[in-house]
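Engineer: I have a structure here, written as structure tokens, and I will follow up with some questions on it.
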Amino acid sequence: MGNERPSNVLFVVLDTVRKDRLTPYGYDRPTTPALATFAEEATTFESAVAPAPWTLPVHASMFTGLYPSQHGADQGSPYLEGATTLASTLSAAGYDTACYSSNAWITPYTNLTDGFDDHDSFFEVMPRDLLSGPLARAWQLVNDDDRLRELASRIVRIGARAHERLASGDGADSKTPAVVDRTREFIEGSDGDRGWFAFVNLMDAHLPYHPPSEQRERFAPDADPASVCQNSKEYNSGTRDIGPEEWRAIRGLYDAEIAHIDAELGRLFEWLRETGRWEETTVVVCADHGELHGEHDLYGHEFALYDELINVPLLVKHPSLEADRRTDLVELLDLYHTTLDALDVPDHGRGTDDAVDYDPTRSLLSDEYREFEAAAEPDPGQRAVLESEPDTDYAFVEYAQPVIELHHLEEKAAEAGIDLPEDHRAYSRMRAARGLDAKYVRADRIPDEGFRLDADPDERSPIESDDAVDAAERALALFERETGGAWTDPDGDGVDGAALDGADEETRERLRELGYLE
């Protein structure tokens with residue numbers, strides 16, 4: 001690569017993709033040849049950490065440079081509010097911006113598409129006219145009124161049911177080819193003086209798995225998507241057992257989905273090369289979170305902060321970075337600052353209340369990267385690291401008590417006559433400090449867990465006390481202090497019978513139509 005600053009950024013999220021299932025990370029099945037080729041000229045990061053284990057808060061962090069507890073886009077308030085997005089800043093700076101996604105959470109109703117000049121959600125939870133109508137107004141209302149929190153939870157569940165219905169059977173065709181085609185159209189049509197920023201989320205590796213026949217025949221020839229368990233809540237609730245052969249089939253289907261994503265991404269990369277745009281484009285490829293396939297007796301990406309979920313793949317191509325592997329700690333929210341740096345928009349947001357200022361100590365392209373003592377206004381993570389032991393670094397992860405996943409888990413358990421105990425991990429909020437050699441997870445209903453990642457990378461044997469684990473716990477306590485205190489008391493008192501009192505009849509009727517009211 002040359003020394004000139006690229007004028008474009010292609011930012012790709014491989015939704016729900018584990019790093020250990022990718023060829024650049026040593027996987028022994030050839031799932032991602034295109035990524036392997038890309039890795040030959042990119043920096044491959046071994047220790048990139050997501051700020052949460054699910055889509056909405058992670059994307060909000062990458063789009064704002066804030067931790068989930070700062071931006072608030074999470075289970076209880078499932079939309080981003082009061083923060084200037086990366087796309088808004090880049091659009092104001094003269095860049096053409098676009099967002100193409102087949103993920104149900106990256107849509108106008110969550111505000112994650114704010115600031116993009118063009119966006120297309122190929123896989124929306126519900127029709128846009130509904131989202132812009134009474135249901136969207138109700139969602140805003142309930143999040144502004146503490147009495148109506150349960151109604152907010154009910155509305156979130158609507159999206160989950162729609163997702164489950166639309167992502168299976170006849171509606172399961174991959175949207176990734178259309179996302180790639182639309183991205184190419186945007187790039188071809190971009191005529192801005194400064195360049196373009198294209199954000200792409202590819203959703204195929206998210207449950208349920210229905211890979212195209214070509215990849216299925218190669219990676220899961222004996223697997224029947226209709227017969228394997230495609231609902232993680234059945235397994236996590238204890239209503240469905242999965243044996244070794246079925247796990248093998250599930251993992252094969254997952255591999256096939258990843259191979260399909262790789263083929264389409266490779267098609268986009270090759271087109272950029274053929275059209276002479278590759279050298280002038282910074283390319284970021286990461287996952288927002290991973291997935292569990294029976295590890296820790298869990299399925300999916302809820303109820304835990306294990307490394308299979310939060311230690312994600314990250315590969316970046318830019319002239320300032322060597323084509324090499326790096327083991328130092330990286331946080332996905334650093335990609336916000338990295339993108340501003342790549343496009344030379346360093347001074348955005350200064351003097352405003354709702355945009356995070358560019359910080360070179362959080363840009364992968366900067367010589368000051370993660371030298372937090374140089375930060376002008378340290379954020380909660382930076383302050384926690386600065387007050388921790390010398391020569392240590394930590395990434396911080398937050399997981400609020402789930403709504404969607406918990407609702408479906410309770411449904412599955414109830415159908416089977418299973419009572420979930422109050423100390424079930426599904427009811428827990430969790431936070432973690434993740435260093436290179438140790439990790440500490442604090443939860444409010446289940447025991448805390450500490451791990452020596454250098455000796456136990458699969459997190460099979462939690463330990464109560466150890467110098468490195470104790471240091472991680474102290475770092476987490478510092479982060480908790482900065483974000484409002486530790487989550488140690490159980491959260492929530494159940495359903496409030498008066499929760500619907502403030503909903504108008506139009507909203508009630510819509511909830512009846514969708515099965516949430518009698």
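Ligands are numbered from 1 in the order shown, residues from 1 within each chain, and chains are lettered A, B, ... in the order they appear in the structure tokens.
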List the spatial neighbours of Arg184 in chain A as a PyMOL selection string - criterion: any atom at most 12 Å away, only C-alpha atoms, same-chain residues fewer than 5 positions off excluded.
Structural biologist: chain A and resi 10+98-100+177-179+189-190+196+198-200+264-265+267-272+275+277
Engineer: Could those residues be written to a file, using C-alpha atoms, as a tab-separated table (two decimals), in the first residue's frame?
Structural biologist:
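After the write, again-v3.tsv holds the following:
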chain	number	residue	atom	x	y	z
A	10	LEU	CA	-15.71	0.27	3.92
A	98	ALA	CA	-24.62	4.69	3.31
A	99	CYS	CA	-25.74	1.79	5.50
A	100	TYR	CA	-26.91	-1.54	4.08
A	177	PRO	CA	-26.09	-10.73	-2.27
A	178	ALA	CA	-28.56	-7.85	-2.35
A	179	VAL	CA	-26.64	-5.99	0.36
A	189	GLY	CA	-22.80	6.61	-7.66
A	190	SER	CA	-20.72	8.43	-5.06
A	196	TRP	CA	-17.48	7.82	0.96
A	198	ALA	CA	-20.15	2.52	3.51
A	199	PHE	CA	-21.33	0.48	6.49
A	200	VAL	CA	-22.45	-3.09	5.83
A	264	GLU	CA	-20.13	-12.51	-1.22
A	265	LEU	CA	-17.62	-10.35	0.62
A	267	ARG	CA	-17.06	-10.61	-4.64
A	268	LEU	CA	-17.22	-7.07	-3.26
A	269	PHE	CA	-13.48	-6.96	-2.55
A	270	GLU	CA	-12.61	-8.21	-6.04
A	271	TRP	CA	-14.86	-5.59	-7.61
A	272	LEU	CA	-13.11	-2.85	-5.61
A	275	THR	CA	-12.34	-0.89	-10.50
A	277	ARG	CA	-10.86	1.65	-5.70
Engineer: Give me the residues near Leu343 in chain A as a ChimeraX atom specification, where near means some atom within 7 Å (using only C-alpha atoms) and where sequence neighbours in that chain fewer than 4 positions away do not count.
Structural biologist: /A:7-8,339
Engineer: Deliver the residues from the most recent selection as a file, using all heavy atoms, as a PDB file, in the first residue's frame.
Structural biologist:
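After the write, again.pdb holds the following:
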ATOM      1  N   SER A   7      -9.312   7.793   0.874  1.00  0.00           N
ATOM      2  CA  SER A   7     -10.407   8.759   0.937  1.00  0.00           C
ATOM      3  C   SER A   7     -11.748   8.097   1.223  1.00  0.00           C
ATOM      4  O   SER A   7     -12.765   8.793   1.323  1.00  0.00           O
ATOM      5  CB  SER A   7     -10.495   9.536  -0.378  1.00  0.00           C
ATOM      6  OG  SER A   7     -10.632   8.643  -1.471  1.00  0.00           O
ATOM      7  N   ASN A   8     -11.773   6.758   1.360  1.00  0.00           N
ATOM      8  CA  ASN A   8     -13.018   6.038   1.585  1.00  0.00           C
ATOM      9  C   ASN A   8     -12.831   5.025   2.719  1.00  0.00           C
ATOM     10  O   ASN A   8     -11.719   4.586   2.990  1.00  0.00           O
ATOM     11  CB  ASN A   8     -13.440   5.269   0.324  1.00  0.00           C
ATOM     12  CG  ASN A   8     -13.338   6.108  -0.933  1.00  0.00           C
ATOM     13  OD1 ASN A   8     -13.878   7.196  -0.998  1.00  0.00           O
ATOM     14  ND2 ASN A   8     -12.614   5.587  -1.918  1.00  0.00           N
ATOM     15  N   THR A 339     -12.147   5.354  12.434  1.00  0.00           N
ATOM     16  CA  THR A 339     -12.780   5.807  11.195  1.00  0.00           C
ATOM     17  C   THR A 339     -12.628   7.305  11.008  1.00  0.00           C
ATOM     18  O   THR A 339     -12.321   7.781   9.902  1.00  0.00           O
ATOM     19  CB  THR A 339     -14.268   5.422  11.182  1.00  0.00           C
ATOM     20  OG1 THR A 339     -14.388   4.000  11.335  1.00  0.00           O
ATOM     21  CG2 THR A 339     -14.935   5.851   9.890  1.00  0.00           C
TER      22      THR A 339
END
Engineer: Rounded to one decimal, what separation in Å do you get between CA of Thr84 in chain A and CA of Ala355 in chain A?
Structural biologist: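 One can read the CA of Thr84 in chain A to CA of Ala355 in chain A distance as 4.8 Å.
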Engineer: Let's see if you can do this: from backbone DSSP, list all helix (DSSP H, G or I) residues in range 259-506 of chain A, as a PyMOL selection string.
Structural biologist: chain A and resi 259-274+295-297+307-310+334-342+360-362+372-374+380-386+404-415+425-427+467-482+505-506
Engineer: Between range 11-98 of chain A and range 278-302 of chain A, at 6 Å or less, what are the per-residue closest atom pairs and their distances in Å? Count only C-alpha atoms, order by chain and rising residue number, and return it as CSV.
Structural biologist:
residue,atom,partner,partner_atom,distance
A:Phe11,CA,A:Val284,CA,4.8
A:Val12,CA,A:Val285,CA,4.8
A:Val13,CA,A:Ala287,CA,5.1
A:Leu14,CA,A:Ala287,CA,4.6
A:Asp15,CA,A:Ala287,CA,5.4
A:Thr16,CA,A:Gly290,CA,4.6
A:Val17,CA,A:Gly290,CA,4.9
A:Arg18,CA,A:Gly290,CA,4.4
A:Pro53,CA,A:His289,CA,5.3
Engineer: Give me a file of those residues, with C-alpha atoms, as a short mmCIF file (atom, residue, chain, number, x, y, z; two decimals), in the first residue's frame.
Structural biologist:
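Ended up saving to selection35.cif:
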data_model
loop_
_atom_site.label_atom_id
_atom_site.label_comp_id
_atom_site.auth_asym_id
_atom_site.auth_seq_id
_atom_site.Cartn_x
_atom_site.Cartn_y
_atom_site.Cartn_z
CA PHE A 11 -16.83 -0.96 7.34
CA VAL A 12 -18.13 -4.54 7.35
CA VAL A 13 -19.71 -6.35 10.30
CA LEU A 14 -19.98 -10.13 10.10
CA ASP A 15 -22.92 -10.53 12.42
CA THR A 16 -22.66 -13.34 15.01
CA VAL A 17 -19.38 -14.72 13.62
CA ARG A 18 -16.87 -16.39 15.94
CA PRO A 53 -22.67 -9.68 23.42
#
Engineer: Kindly indicate which residue among A:Ala471, A:Leu86, A:Leu309, A:Ala205 lies nearest to Pro390 in chain A, using only C-alpha atoms for the distances.
Structural biologist: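 Among the listed residues, the smallest separation from Pro390 in chain A belongs to A:Ala471.
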Engineer: Range 275-318 of chain A near range 27-39 of chain A within 9 Å: what's each residue's closest atom pair and its distance in Å to one decimal, counting only C-alpha atoms, ordered by chain then ascending residue number, as JSON lines?
Structural biologist:
{"residue": "A:Val285", "atom": "CA", "partner": "A:Leu35", "partner_atom": "CA", "distance": 9.0}
{"residue": "A:Leu315", "atom": "CA", "partner": "A:Ala39", "partner_atom": "CA", "distance": 6.9}
{"residue": "A:Val316", "atom": "CA", "partner": "A:Ala39", "partner_atom": "CA", "distance": 8.4}
{"residue": "A:Lys317", "atom": "CA", "partner": "A:Phe38", "partner_atom": "CA", "distance": 8.3}
Engineer: Could you find all residues in range 283-370 of chain A that DSSP calls strand (DSSP E) from the backbone, and write them as a PyMOL selection string?
Structural biologist: chain A and resi 283-286+292-293+299-300+311-317+325-331
Engineer: Restricting the calculation to only C-alpha atoms: of A:Arg431, A:Tyr209, A:Tyr254, A:Asp262, which residue gets closest to Val180 in chain A?
Structural biologist: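 Ranked by minimum distance to Val180 in chain A, first place goes to A:Asp262.
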Engineer: Using only C-alpha atoms, which of A:Ala433, A:Leu112, A:Ala443, A:Val228 sits nearest Asp307 in chain A?
Structural biologist: A:Ala433
Engineer: Taking into account only C-alpha atoms, which residue in the set A:Ile446, A:Leu314, A:Ile106, A:Val356 is nearest to Glu377 in chain A?
Structural biologist: A:Val356
Engineer: For range 448-458 of chain A, list every protein, DNA or RNA residue within 10 Å, evaluated using only C-alpha atoms, and leave out those in the same chain fewer than 2 positions away; present the list as a ChimeraX atom specification.
Structural biologist: /A:295-296,306-308,430-446,460-470,472-473,488
Engineer: Since we have the selection now, will you write its residues out, keeping N, CA and C atoms, as an mmCIF file, in the first residue's frame?
Structural biologist:
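After the write, selection36.cif holds the following:
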data_model
loop_
_atom_site.group_PDB
_atom_site.id
_atom_site.type_symbol
_atom_site.label_atom_id
_atom_site.label_comp_id
_atom_site.auth_asym_id
_atom_site.auth_seq_id
_atom_site.Cartn_x
_atom_site.Cartn_y
_atom_site.Cartn_z
ATOM 1 N N GLU A 295 -20.740 -24.796 24.203
ATOM 2 C CA GLU A 295 -19.709 -24.434 25.180
ATOM 3 C C GLU A 295 -20.389 -23.790 26.396
ATOM 4 N N HIS A 296 -19.896 -24.137 27.570
ATOM 5 C CA HIS A 296 -20.455 -23.611 28.824
ATOM 6 C C HIS A 296 -21.931 -23.979 28.982
ATOM 7 N N TYR A 306 -18.705 -14.955 27.941
ATOM 8 C CA TYR A 306 -17.532 -15.764 27.641
ATOM 9 C C TYR A 306 -16.862 -15.273 26.366
ATOM 10 N N ASP A 307 -15.594 -15.650 26.209
ATOM 11 C CA ASP A 307 -14.807 -15.124 25.099
ATOM 12 C C ASP A 307 -15.331 -15.535 23.726
ATOM 13 N N GLU A 308 -16.016 -16.677 23.633
ATOM 14 C CA GLU A 308 -16.612 -17.042 22.350
ATOM 15 C C GLU A 308 -17.583 -15.973 21.855
ATOM 16 N N MET A 430 -24.706 -8.423 33.734
ATOM 17 C CA MET A 430 -23.298 -8.790 33.856
ATOM 18 C C MET A 430 -22.405 -7.677 33.334
ATOM 19 N N ARG A 431 -21.252 -7.549 33.964
ATOM 20 C CA ARG A 431 -20.187 -6.698 33.457
ATOM 21 C C ARG A 431 -18.873 -7.468 33.557
ATOM 22 N N ALA A 432 -17.933 -7.118 32.675
ATOM 23 C CA ALA A 432 -16.641 -7.806 32.699
ATOM 24 C C ALA A 432 -15.518 -6.832 32.416
ATOM 25 N N ALA A 433 -14.369 -7.109 33.043
ATOM 26 C CA ALA A 433 -13.098 -6.490 32.669
ATOM 27 C C ALA A 433 -12.268 -7.598 32.044
ATOM 28 N N ARG A 434 -11.858 -7.393 30.797
ATOM 29 C CA ARG A 434 -11.140 -8.430 30.069
ATOM 30 C C ARG A 434 -9.757 -7.913 29.713
ATOM 31 N N GLY A 435 -8.721 -8.507 30.339
ATOM 32 C CA GLY A 435 -7.353 -8.177 30.000
ATOM 33 C C GLY A 435 -6.765 -9.233 29.094
ATOM 34 N N LEU A 436 -5.472 -9.161 28.848
ATOM 35 C CA LEU A 436 -4.822 -10.152 28.003
ATOM 36 C C LEU A 436 -4.597 -11.473 28.728
ATOM 37 N N ASP A 437 -4.351 -11.402 30.032
ATOM 38 C CA ASP A 437 -4.059 -12.631 30.769
ATOM 39 C C ASP A 437 -5.150 -13.048 31.731
ATOM 40 N N ALA A 438 -6.100 -12.168 32.023
ATOM 41 C CA ALA A 438 -7.139 -12.504 32.996
ATOM 42 C C ALA A 438 -8.426 -11.742 32.692
ATOM 43 N N LYS A 439 -9.496 -12.237 33.285
ATOM 44 C CA LYS A 439 -10.821 -11.663 33.053
ATOM 45 C C LYS A 439 -11.652 -11.851 34.313
ATOM 46 N N TYR A 440 -12.486 -10.850 34.604
ATOM 47 C CA TYR A 440 -13.379 -10.969 35.748
ATOM 48 C C TYR A 440 -14.777 -10.555 35.328
ATOM 49 N N VAL A 441 -15.761 -11.407 35.645
ATOM 50 C CA VAL A 441 -17.159 -11.151 35.292
ATOM 51 C C VAL A 441 -17.960 -11.025 36.580
ATOM 52 N N ARG A 442 -18.665 -9.907 36.740
ATOM 53 C CA ARG A 442 -19.540 -9.719 37.892
ATOM 54 C C ARG A 442 -20.991 -9.790 37.428
ATOM 55 N N ALA A 443 -21.808 -10.487 38.197
ATOM 56 C CA ALA A 443 -23.223 -10.634 37.876
ATOM 57 C C ALA A 443 -24.055 -10.394 39.128
ATOM 58 N N ASP A 444 -25.350 -10.104 38.945
ATOM 59 C CA ASP A 444 -26.158 -9.765 40.113
ATOM 60 C C ASP A 444 -26.985 -10.933 40.656
ATOM 61 N N ARG A 445 -27.075 -12.059 39.942
ATOM 62 C CA ARG A 445 -27.868 -13.185 40.437
ATOM 63 C C ARG A 445 -27.099 -14.510 40.459
ATOM 64 N N ILE A 446 -26.010 -14.575 39.778
ATOM 65 C CA ILE A 446 -25.208 -15.791 39.726
ATOM 66 C C ILE A 446 -23.812 -15.475 40.239
ATOM 67 N N ARG A 460 -12.732 -22.797 31.163
ATOM 68 C CA ARG A 460 -13.367 -23.994 31.705
ATOM 69 C C ARG A 460 -13.298 -24.049 33.230
ATOM 70 N N SER A 461 -12.350 -23.339 33.832
ATOM 71 C CA SER A 461 -12.109 -23.470 35.271
ATOM 72 C C SER A 461 -12.032 -22.109 35.939
ATOM 73 N N PRO A 462 -13.168 -21.568 36.385
ATOM 74 C CA PRO A 462 -13.125 -20.285 37.096
ATOM 75 C C PRO A 462 -12.355 -20.413 38.403
ATOM 76 N N ILE A 463 -11.648 -19.358 38.742
ATOM 77 C CA ILE A 463 -10.873 -19.348 39.985
ATOM 78 C C ILE A 463 -11.297 -18.159 40.826
ATOM 79 N N GLU A 464 -11.264 -18.344 42.142
ATOM 80 C CA GLU A 464 -11.755 -17.311 43.044
ATOM 81 C C GLU A 464 -10.744 -16.196 43.249
ATOM 82 N N SER A 465 -9.464 -16.545 43.304
ATOM 83 C CA SER A 465 -8.468 -15.519 43.605
ATOM 84 C C SER A 465 -7.143 -15.872 42.963
ATOM 85 N N ASP A 466 -6.513 -14.845 42.428
ATOM 86 C CA ASP A 466 -5.241 -14.977 41.723
ATOM 87 C C ASP A 466 -4.795 -13.547 41.485
ATOM 88 N N ASP A 467 -3.505 -13.287 41.452
ATOM 89 C CA ASP A 467 -3.032 -11.916 41.305
ATOM 90 C C ASP A 467 -3.628 -11.234 40.078
ATOM 91 N N ALA A 468 -3.586 -11.924 38.928
ATOM 92 C CA ALA A 468 -4.086 -11.316 37.692
ATOM 93 C C ALA A 468 -5.605 -11.182 37.713
ATOM 94 N N VAL A 469 -6.292 -12.196 38.240
ATOM 95 C CA VAL A 469 -7.753 -12.127 38.334
ATOM 96 C C VAL A 469 -8.169 -11.038 39.316
ATOM 97 N N ASP A 470 -7.473 -10.942 40.435
ATOM 98 C CA ASP A 470 -7.793 -9.896 41.404
ATOM 99 C C ASP A 470 -7.576 -8.509 40.802
ATOM 100 N N ALA A 472 -7.914 -7.759 37.638
ATOM 101 C CA ALA A 472 -9.034 -7.538 36.721
ATOM 102 C C ALA A 472 -10.291 -7.141 37.487
ATOM 103 N N GLU A 473 -10.516 -7.764 38.649
ATOM 104 C CA GLU A 473 -11.678 -7.388 39.456
ATOM 105 C C GLU A 473 -11.570 -5.940 39.928
ATOM 106 N N THR A 488 -24.981 -5.365 41.548
ATOM 107 C CA THR A 488 -24.870 -6.441 42.531
ATOM 108 C C THR A 488 -26.227 -6.871 43.068
#
Engineer: Find the residues near Ala52 in chain A: any atom within 10 Å, counting only C-alpha atoms, skip ones fewer than 2 places away on the same chain, and give them as a list in words.
Structural biologist: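 Result of the neighbour search: Val49, Ala50, Trp54, Thr55, Leu56, Pro57, Val58, His59, Ser61, Tyr67, Pro68, Asp74, Asp288, His289, Ala304, Leu305, Leu309, Ile310, Leu332, Phe396, Val397, Glu398, Tyr399, Ala400, Met430, Arg431 and Ala432 of chain A.
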Engineer: Figure out the distance between CA of Asp255 in chain A and CA of Arg218 in chain A, please, to one decimal in Å.
Structural biologist: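 CA of Asp255 in chain A lies at a distance of 9.6 Å from CA of Arg218 in chain A.
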